[in-house]
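Reproduced below: final-v4.tsv, with TSV, C-alpha atoms.
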chain	number	residue	atom	x	y	z
A	1	MET	CA	120.63	102.25	127.58
A	2	VAL	CA	120.25	101.70	123.85
A	3	PHE	CA	117.96	104.05	121.90
A	4	LYS	CA	114.77	102.11	121.04
A	5	VAL	CA	112.60	102.72	117.99
A	6	TYR	CA	109.19	101.09	117.58
A	7	GLY	CA	108.14	101.46	113.97
A	8	ALA	CA	107.44	99.91	110.60
A	9	TRP	CA	109.03	100.18	107.17
A	10	THR	CA	107.14	103.37	106.46
A	11	VAL	CA	107.90	106.97	105.59
A	12	CYS	CA	107.82	108.22	109.17
A	13	THR	CA	110.11	105.51	110.53
A	14	HIS	CA	112.49	106.07	107.62
A	15	ARG	CA	112.86	109.72	108.65
A	16	VAL	CA	113.82	108.79	112.19
A	17	LEU	CA	116.28	106.08	111.17
A	18	CYS	CA	117.95	108.44	108.70
A	19	VAL	CA	118.60	111.00	111.46
A	20	LEU	CA	119.93	108.32	113.79
A	21	LYS	CA	122.35	107.21	111.08
A	22	GLU	CA	123.39	110.80	110.30
A	23	LYS	CA	124.22	111.18	113.99
A	24	ASP	CA	125.78	107.72	114.28
A	25	VAL	CA	123.53	106.81	117.21
A	26	PRO	CA	123.18	103.07	117.92
A	27	TYR	CA	119.56	101.95	118.12
A	28	GLU	CA	117.33	98.93	118.49
A	29	LEU	CA	114.46	98.73	116.01
A	30	THR	CA	111.31	96.80	116.86
A	31	ILE	CA	109.02	96.32	113.86
A	32	ILE	CA	105.31	96.72	114.66
A	33	ASP	CA	103.10	94.28	112.74
A	34	PHE	CA	100.18	96.21	111.28
A	35	SER	CA	98.72	93.06	109.72
A	36	VAL	CA	97.75	91.69	113.14
A	37	GLY	CA	96.75	95.07	114.57
A	38	GLU	CA	99.73	95.37	116.89
A	39	HIS	CA	99.60	99.15	116.52
A	40	LYS	CA	96.10	99.12	118.06
A	41	SER	CA	96.95	96.84	120.98
A	42	PRO	CA	96.58	98.22	124.53
A	43	GLY	CA	100.33	97.96	125.13
A	44	PHE	CA	101.15	99.98	122.02
A	45	LEU	CA	98.41	102.56	122.61
A	46	ALA	CA	99.77	103.14	126.09
A	47	LYS	CA	102.90	104.53	124.42
A	48	GLN	CA	101.41	105.97	121.22
A	49	PRO	CA	97.73	106.79	121.81
A	50	TYR	CA	97.02	107.46	118.13
A	51	GLY	CA	98.08	103.97	117.05
A	52	GLN	CA	100.71	105.16	114.58
A	53	THR	CA	104.41	104.53	114.12
A	54	PRO	CA	107.05	105.31	115.11
A	55	TYR	CA	107.61	106.13	118.73
A	56	ILE	CA	110.88	106.05	120.64
A	57	ASP	CA	111.93	105.02	124.11
A	58	ASP	CA	115.10	106.81	125.19
A	59	ASP	CA	115.84	105.44	128.65
A	60	GLY	CA	112.19	105.74	129.64
A	61	PHE	CA	111.46	108.97	127.73
A	62	ILE	CA	108.65	108.20	125.28
A	63	LEU	CA	108.15	110.41	122.23
A	64	TYR	CA	106.05	110.05	119.09
A	65	GLU	CA	105.56	111.99	115.82
A	66	SER	CA	108.48	111.53	113.45
A	67	ARG	CA	109.42	115.18	113.02
A	68	ALA	CA	109.44	115.73	116.79
A	69	ILE	CA	111.60	112.62	117.20
A	70	CYS	CA	114.02	113.82	114.52
A	71	HIS	CA	114.34	117.19	116.25
A	72	TYR	CA	114.94	115.51	119.60
A	73	ILE	CA	117.72	113.34	118.19
A	74	ALA	CA	119.33	116.27	116.36
A	75	MET	CA	119.36	118.39	119.52
A	76	LYS	CA	120.43	115.65	121.92
A	77	TYR	CA	123.32	114.66	119.67
A	78	ALA	CA	124.14	118.12	118.34
A	79	ASP	CA	127.86	117.45	118.76
A	80	ARG	CA	127.77	114.45	116.41
A	81	GLY	CA	127.71	114.51	112.62
A	82	PRO	CA	126.07	117.35	110.70
A	83	GLN	CA	124.28	119.98	112.75
A	84	LEU	CA	120.85	119.43	111.09
A	85	VAL	CA	119.22	122.25	113.12
A	86	PRO	CA	120.83	125.68	112.60
A	87	THR	CA	121.76	127.73	115.65
A	88	GLU	CA	122.21	131.14	114.00
A	89	LEU	CA	118.97	133.15	114.22
A	90	ARG	CA	118.26	133.80	110.54
A	91	ALA	CA	119.50	130.40	109.40
A	92	ASP	CA	117.16	128.83	111.95
A	93	ALA	CA	114.27	130.98	110.73
A	94	LEU	CA	114.85	129.80	107.14
A	95	TYR	CA	115.06	126.22	108.36
A	96	GLN	CA	111.76	126.62	110.22
A	97	GLN	CA	110.24	128.14	107.08
A	98	ALA	CA	111.37	125.21	104.91
A	99	SER	CA	110.14	122.72	107.49
A	100	SER	CA	106.75	124.40	107.60
A	101	VAL	CA	106.44	124.28	103.80
A	102	GLU	CA	107.33	120.58	103.81
A	103	TYR	CA	104.70	119.76	106.41
A	104	SER	CA	101.94	122.11	105.23
A	105	HIS	CA	102.29	121.75	101.45
A	106	PHE	CA	104.65	119.07	100.13
A	107	ASN	CA	103.57	116.31	102.51
A	108	GLU	CA	99.85	116.74	101.75
A	109	HIS	CA	100.29	116.33	98.00
A	110	ALA	CA	102.92	113.60	98.27
A	111	VAL	CA	100.65	111.56	100.56
A	112	ALA	CA	97.77	112.04	98.12
A	113	ALA	CA	99.88	110.83	95.19
A	114	ALA	CA	101.20	107.80	97.07
A	115	THR	CA	97.74	106.93	98.37
A	116	ALA	CA	96.22	107.06	94.90
A	117	VAL	CA	98.52	104.52	93.25
A	118	ILE	CA	100.31	102.65	96.08
A	119	TYR	CA	98.45	102.67	99.38
A	120	ARG	CA	94.96	102.05	97.92
A	121	PRO	CA	95.84	98.76	96.17
A	122	VAL	CA	98.48	97.57	98.65
A	123	TYR	CA	96.89	98.38	102.00
A	124	PHE	CA	93.18	98.93	101.36
A	125	ASN	CA	92.44	96.42	98.57
A	126	LEU	CA	91.08	99.22	96.42
A	127	PRO	CA	91.85	100.05	92.79
A	128	ALA	CA	94.38	102.75	92.04
A	129	ASP	CA	92.91	106.20	91.43
A	130	PRO	CA	94.73	107.76	88.45
A	131	VAL	CA	92.55	110.89	88.53
A	132	ALA	CA	93.51	111.63	92.14
A	133	PHE	CA	97.12	110.80	91.31
A	134	ASP	CA	97.24	113.23	88.40
A	135	ALA	CA	95.67	115.96	90.52
A	136	ALA	CA	98.24	115.47	93.28
A	137	ILE	CA	101.13	115.41	90.80
A	138	GLY	CA	99.83	118.62	89.24
A	139	LYS	CA	99.93	120.32	92.62
A	140	LEU	CA	103.38	118.94	93.34
A	141	SER	CA	104.61	120.14	89.96
A	142	ALA	CA	103.45	123.69	90.68
A	143	MET	CA	105.06	123.56	94.11
A	144	PHE	CA	108.29	122.16	92.68
A	145	ASP	CA	108.40	125.11	90.27
A	146	VAL	CA	108.82	127.29	93.37
A	147	TYR	CA	111.33	124.86	94.85
A	148	ASP	CA	113.29	124.94	91.60
A	149	VAL	CA	113.77	128.70	91.86
A	150	THR	CA	114.81	128.41	95.51
A	151	LEU	CA	117.23	125.57	94.80
A	152	GLY	CA	118.75	127.53	91.94
A	153	LYS	CA	120.10	129.91	94.59
A	154	GLN	CA	121.18	127.50	97.32
A	155	LYS	CA	122.34	123.90	97.74
A	156	TYR	CA	119.63	122.65	100.10
A	157	ILE	CA	116.01	123.47	100.79
A	158	ALA	CA	116.75	125.69	103.81
A	159	GLY	CA	120.05	127.17	102.65
A	160	ASP	CA	123.54	125.93	101.90
A	161	GLU	CA	123.67	123.45	104.80
A	162	PHE	CA	121.96	120.07	105.01
A	163	THR	CA	119.17	120.12	107.65
A	164	LEU	CA	116.25	118.12	108.96
A	165	ALA	CA	114.09	119.91	106.39
A	166	ASP	CA	115.90	117.95	103.68
A	167	ILE	CA	115.54	114.67	105.56
A	168	HIS	CA	111.83	115.25	106.09
A	169	HIS	CA	111.35	115.35	102.31
A	170	LEU	CA	113.45	112.28	101.54
A	171	PRO	CA	111.04	109.36	102.05
A	172	TYR	CA	108.22	110.70	99.93
A	173	MET	CA	110.62	112.12	97.34
A	174	SER	CA	112.00	108.60	96.99
A	175	ILE	CA	108.53	107.09	96.66
A	176	LEU	CA	107.61	109.65	94.00
A	177	SER	CA	110.82	109.04	92.08
A	178	VAL	CA	111.05	105.26	92.32
A	179	GLU	CA	107.60	103.80	92.94
A	180	THR	CA	104.92	105.97	91.30
A	181	GLY	CA	106.29	106.30	87.77
A	182	THR	CA	106.08	110.09	87.70
A	183	ASN	CA	108.88	112.26	86.30
A	184	VAL	CA	107.76	115.33	88.26
A	185	ILE	CA	111.14	115.52	90.02
A	186	ALA	CA	113.29	114.84	86.97
A	187	THR	CA	111.65	117.66	84.98
A	188	LYS	CA	112.74	120.29	87.53
A	189	PRO	CA	116.53	120.53	87.14
A	190	ASN	CA	117.38	122.08	90.50
A	191	VAL	CA	114.92	119.87	92.37
A	192	ASP	CA	116.38	116.87	90.58
A	193	ARG	CA	119.92	117.89	91.51
A	194	TRP	CA	118.89	118.38	95.14
A	195	PHE	CA	117.08	115.06	95.34
A	196	LYS	CA	120.02	113.17	93.84
A	197	ASP	CA	122.29	114.85	96.39
A	198	ILE	CA	120.25	114.06	99.50
A	199	SER	CA	119.21	110.57	98.39
A	200	SER	CA	122.85	109.62	97.77
A	201	ARG	CA	123.85	110.29	101.38
A	202	PRO	CA	125.24	107.22	103.17
A	203	SER	CA	122.61	107.56	105.90
A	204	TRP	CA	119.69	107.22	103.47
A	205	LYS	CA	121.33	104.38	101.57
A	206	ALA	CA	121.91	102.60	104.88
A	207	VAL	CA	118.22	102.92	105.83
A	208	LEU	CA	117.14	101.38	102.53
A	209	GLU	CA	119.71	98.61	102.86
A	210	GLU	CA	118.56	97.84	106.40
A	211	GLN	CA	115.01	97.50	105.13
A	212	LYS	CA	116.07	95.18	102.30
A	213	LEU	CA	117.98	92.94	104.68
A	214	ALA	CA	115.11	92.86	107.19
A	215	GLN	CA	112.62	91.94	104.47
A	216	GLY	CA	114.94	89.41	102.86
A	217	LYS	CA	115.16	91.24	99.56

Now, as a test, write the supplied structure out as structure tokens.
Amino acid sequence: MVFKVYGAWTVCTHRVLCVLKEKDVPYELTIIDFSVGEHKSPGFLAKQPYGQTPYIDDDGFILYESRAICHYIAMKYADRGPQLVPTELRADALYQQASSVEYSHFNEHAVAAATAVIYRPVYFNLPADPVAFDAAIGKLSAMFDVYDVTLGKQKYIAGDEFTLADIHHLPYMSILSVETGTNVIATKPNVDRWFKDISSRPSWKAVLEEQKLAQGK
């Protein structure tokens, strides 16, 4: 049975699709229409009770939360493509550490920055909030100073191997770099090198191309 993804062209769905492409797993993507409230319909809520995307259906196994889905795919298809989740004890500990930092620190400030100048005007019909944006970018800049030191010693955020921790950063790193007008990534040389590396992977390019084709761009 084909792997089914129910999502939208959003950060969280992008993460999942990137992992599927890294693992070369065929999938069927169903786009959920937020504009008509499909994500709040009884049928959708029966699968994803929080009314968010994405969720997956893998031969009847339903799972939501993008990071959990990514982990599931990486473990189920561990013998395909890059490993993505380390198996050696200390390498795994460093991967878990990097993943925790992404979720607990990077994601919060990246969401705040994107909300201030993209989500408010596009989705909520509110004016952009440059003060909130500058505050979020300031926090990201301080955090990226730490990243820059780390990435001066290793190729990727969790070590010298590409992992899910890198993929988890990719969607918001791309939004920051391309859509918000900030140079917070470009001013940190090791962060910039890392971002250019992970964003040039065929899997990520394929996700963006799939979105362009689906949206007729």

Notebook entry, point to check: What gap, in Å, lies between atom CA of Gly81 of chain A and atom CA of Leu20 of chain A?
Noted result: 10.0 Å

Determine, using all atoms listed in the file, which residues of segment 84-135 of chain A have any atom at most 10 Å from an atom of segment 162-174 of chain A, and tabulate each with its shortest atom pair and distance in Å to one decimal place, rows ordered by chain and then rising number, as a Markdown table.
| residue | atom | partner | partner_atom | distance |
| --- | --- | --- | --- | --- |
| A:Leu84 | CA | A:Thr163 | CA | 3.9 |
| A:Val85 | CA | A:Thr163 | CA | 5.9 |
| A:Pro86 | CA | A:Thr163 | CA | 7.6 |
| A:Asp92 | CA | A:Thr163 | CA | 9.9 |
| A:Leu94 | CA | A:Ala165 | CA | 9.9 |
| A:Tyr95 | CA | A:Ala165 | CA | 6.7 |
| A:Gln96 | CA | A:Ala165 | CA | 8.1 |
| A:Gln97 | CA | A:Ala165 | CA | 9.1 |
| A:Ala98 | CA | A:Ala165 | CA | 6.1 |
| A:Ser99 | CA | A:Ala165 | CA | 5.0 |
| A:Ser100 | CA | A:Ala165 | CA | 8.7 |
| A:Val101 | CA | A:Ala165 | CA | 9.2 |
| A:Glu102 | CA | A:His169 | CA | 6.8 |
| A:Tyr103 | CA | A:His168 | CA | 8.4 |
| A:Phe106 | CA | A:His169 | CA | 8.0 |
| A:Asn107 | CA | A:Tyr172 | CA | 7.7 |
| A:His109 | CA | A:Tyr172 | CA | 9.9 |
| A:Ala110 | CA | A:Tyr172 | CA | 6.3 |
| A:Val111 | CA | A:Tyr172 | CA | 7.6 |
| A:Ala113 | CA | A:Tyr172 | CA | 9.6 |
| A:Ala114 | CA | A:Tyr172 | CA | 8.1 |

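If you measure from each of A:Val36, A:Ala158, A:Ala206, A:Ala135 to Ala93 of chain A using only C-alpha atoms, the closest one turns out to be A:Ala158.
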
Checklist line | Residue contacts of Ile137 of chain A (9 Å, all atoms listed in the file) excluding same-chain residues fewer than 2 positions away, as a PyMOL selection string | finding: chain A and resi 109-110+112-113+132-135+139-142+182+184

Around the point (100.9, 101.5, 119.1), in the coordinates given by the file, pick out the residues reaching within 9 Å, counting all atoms listed in the file, and return them as a short mmCIF file (atom, residue, chain, number, x, y, z; two decimals) with C-alpha atoms, keeping the file's coordinate frame.
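Output file result17.cif is given in full below:
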data_model
loop_
_atom_site.label_atom_id
_atom_site.label_comp_id
_atom_site.auth_asym_id
_atom_site.auth_seq_id
_atom_site.Cartn_x
_atom_site.Cartn_y
_atom_site.Cartn_z
CA TYR A 6 109.19 101.09 117.58
CA GLY A 7 108.14 101.46 113.97
CA ILE A 32 105.31 96.72 114.66
CA GLY A 37 96.75 95.07 114.57
CA GLU A 38 99.73 95.37 116.89
CA HIS A 39 99.60 99.15 116.52
CA LYS A 40 96.10 99.12 118.06
CA SER A 41 96.95 96.84 120.98
CA PRO A 42 96.58 98.22 124.53
CA GLY A 43 100.33 97.96 125.13
CA PHE A 44 101.15 99.98 122.02
CA LEU A 45 98.41 102.56 122.61
CA ALA A 46 99.77 103.14 126.09
CA LYS A 47 102.90 104.53 124.42
CA GLN A 48 101.41 105.97 121.22
CA PRO A 49 97.73 106.79 121.81
CA TYR A 50 97.02 107.46 118.13
CA GLY A 51 98.08 103.97 117.05
CA GLN A 52 100.71 105.16 114.58
CA THR A 53 104.41 104.53 114.12
CA PRO A 54 107.05 105.31 115.11
CA TYR A 55 107.61 106.13 118.73
#

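Distances to Leu151 of chain A were evaluated for A:Tyr27, A:Lys188, A:Gly138, A:Val131 using all atoms listed in the file, and the minimum falls at A:Lys188.
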
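The gap separating atom CA of Leu17 of chain A from atom CA of Asp33 of chain A is 17.8 Å, in Å to one decimal.
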
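When only C-alpha atoms are used to compute distances to Ala214 of chain A, the closest of the residues A:Ile31, A:Val11, A:Cys18, A:Val25 turns out to be A:Ile31.
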
Next item on the list: Find the spatial neighbours of segment 56-66 of chain A, counting all atoms listed in the file, within a cut-off of 7 Å - ignore same-chain residues fewer than 4 positions away - and output them as a ChimeraX atom specification.
Entry: /A:1,3-6,12-13,15-16,47-48,70

Please define a box with edges along x, y and z of the file around all atoms of segment 122-136 of chain A given in the file, extend it by 5 Å on each side, and return its centre and edge lengths in Å to one decimal, as AutoDock Vina command-line options.
--center_x 94.8 --center_y 106.2 --center_z 95.2 --size_x 17.4 --size_y 29.5 --size_z 23.6

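Across the model, the gap from atom CA of Trp9 of chain A to atom CA of His105 of chain A is 23.3 Å.
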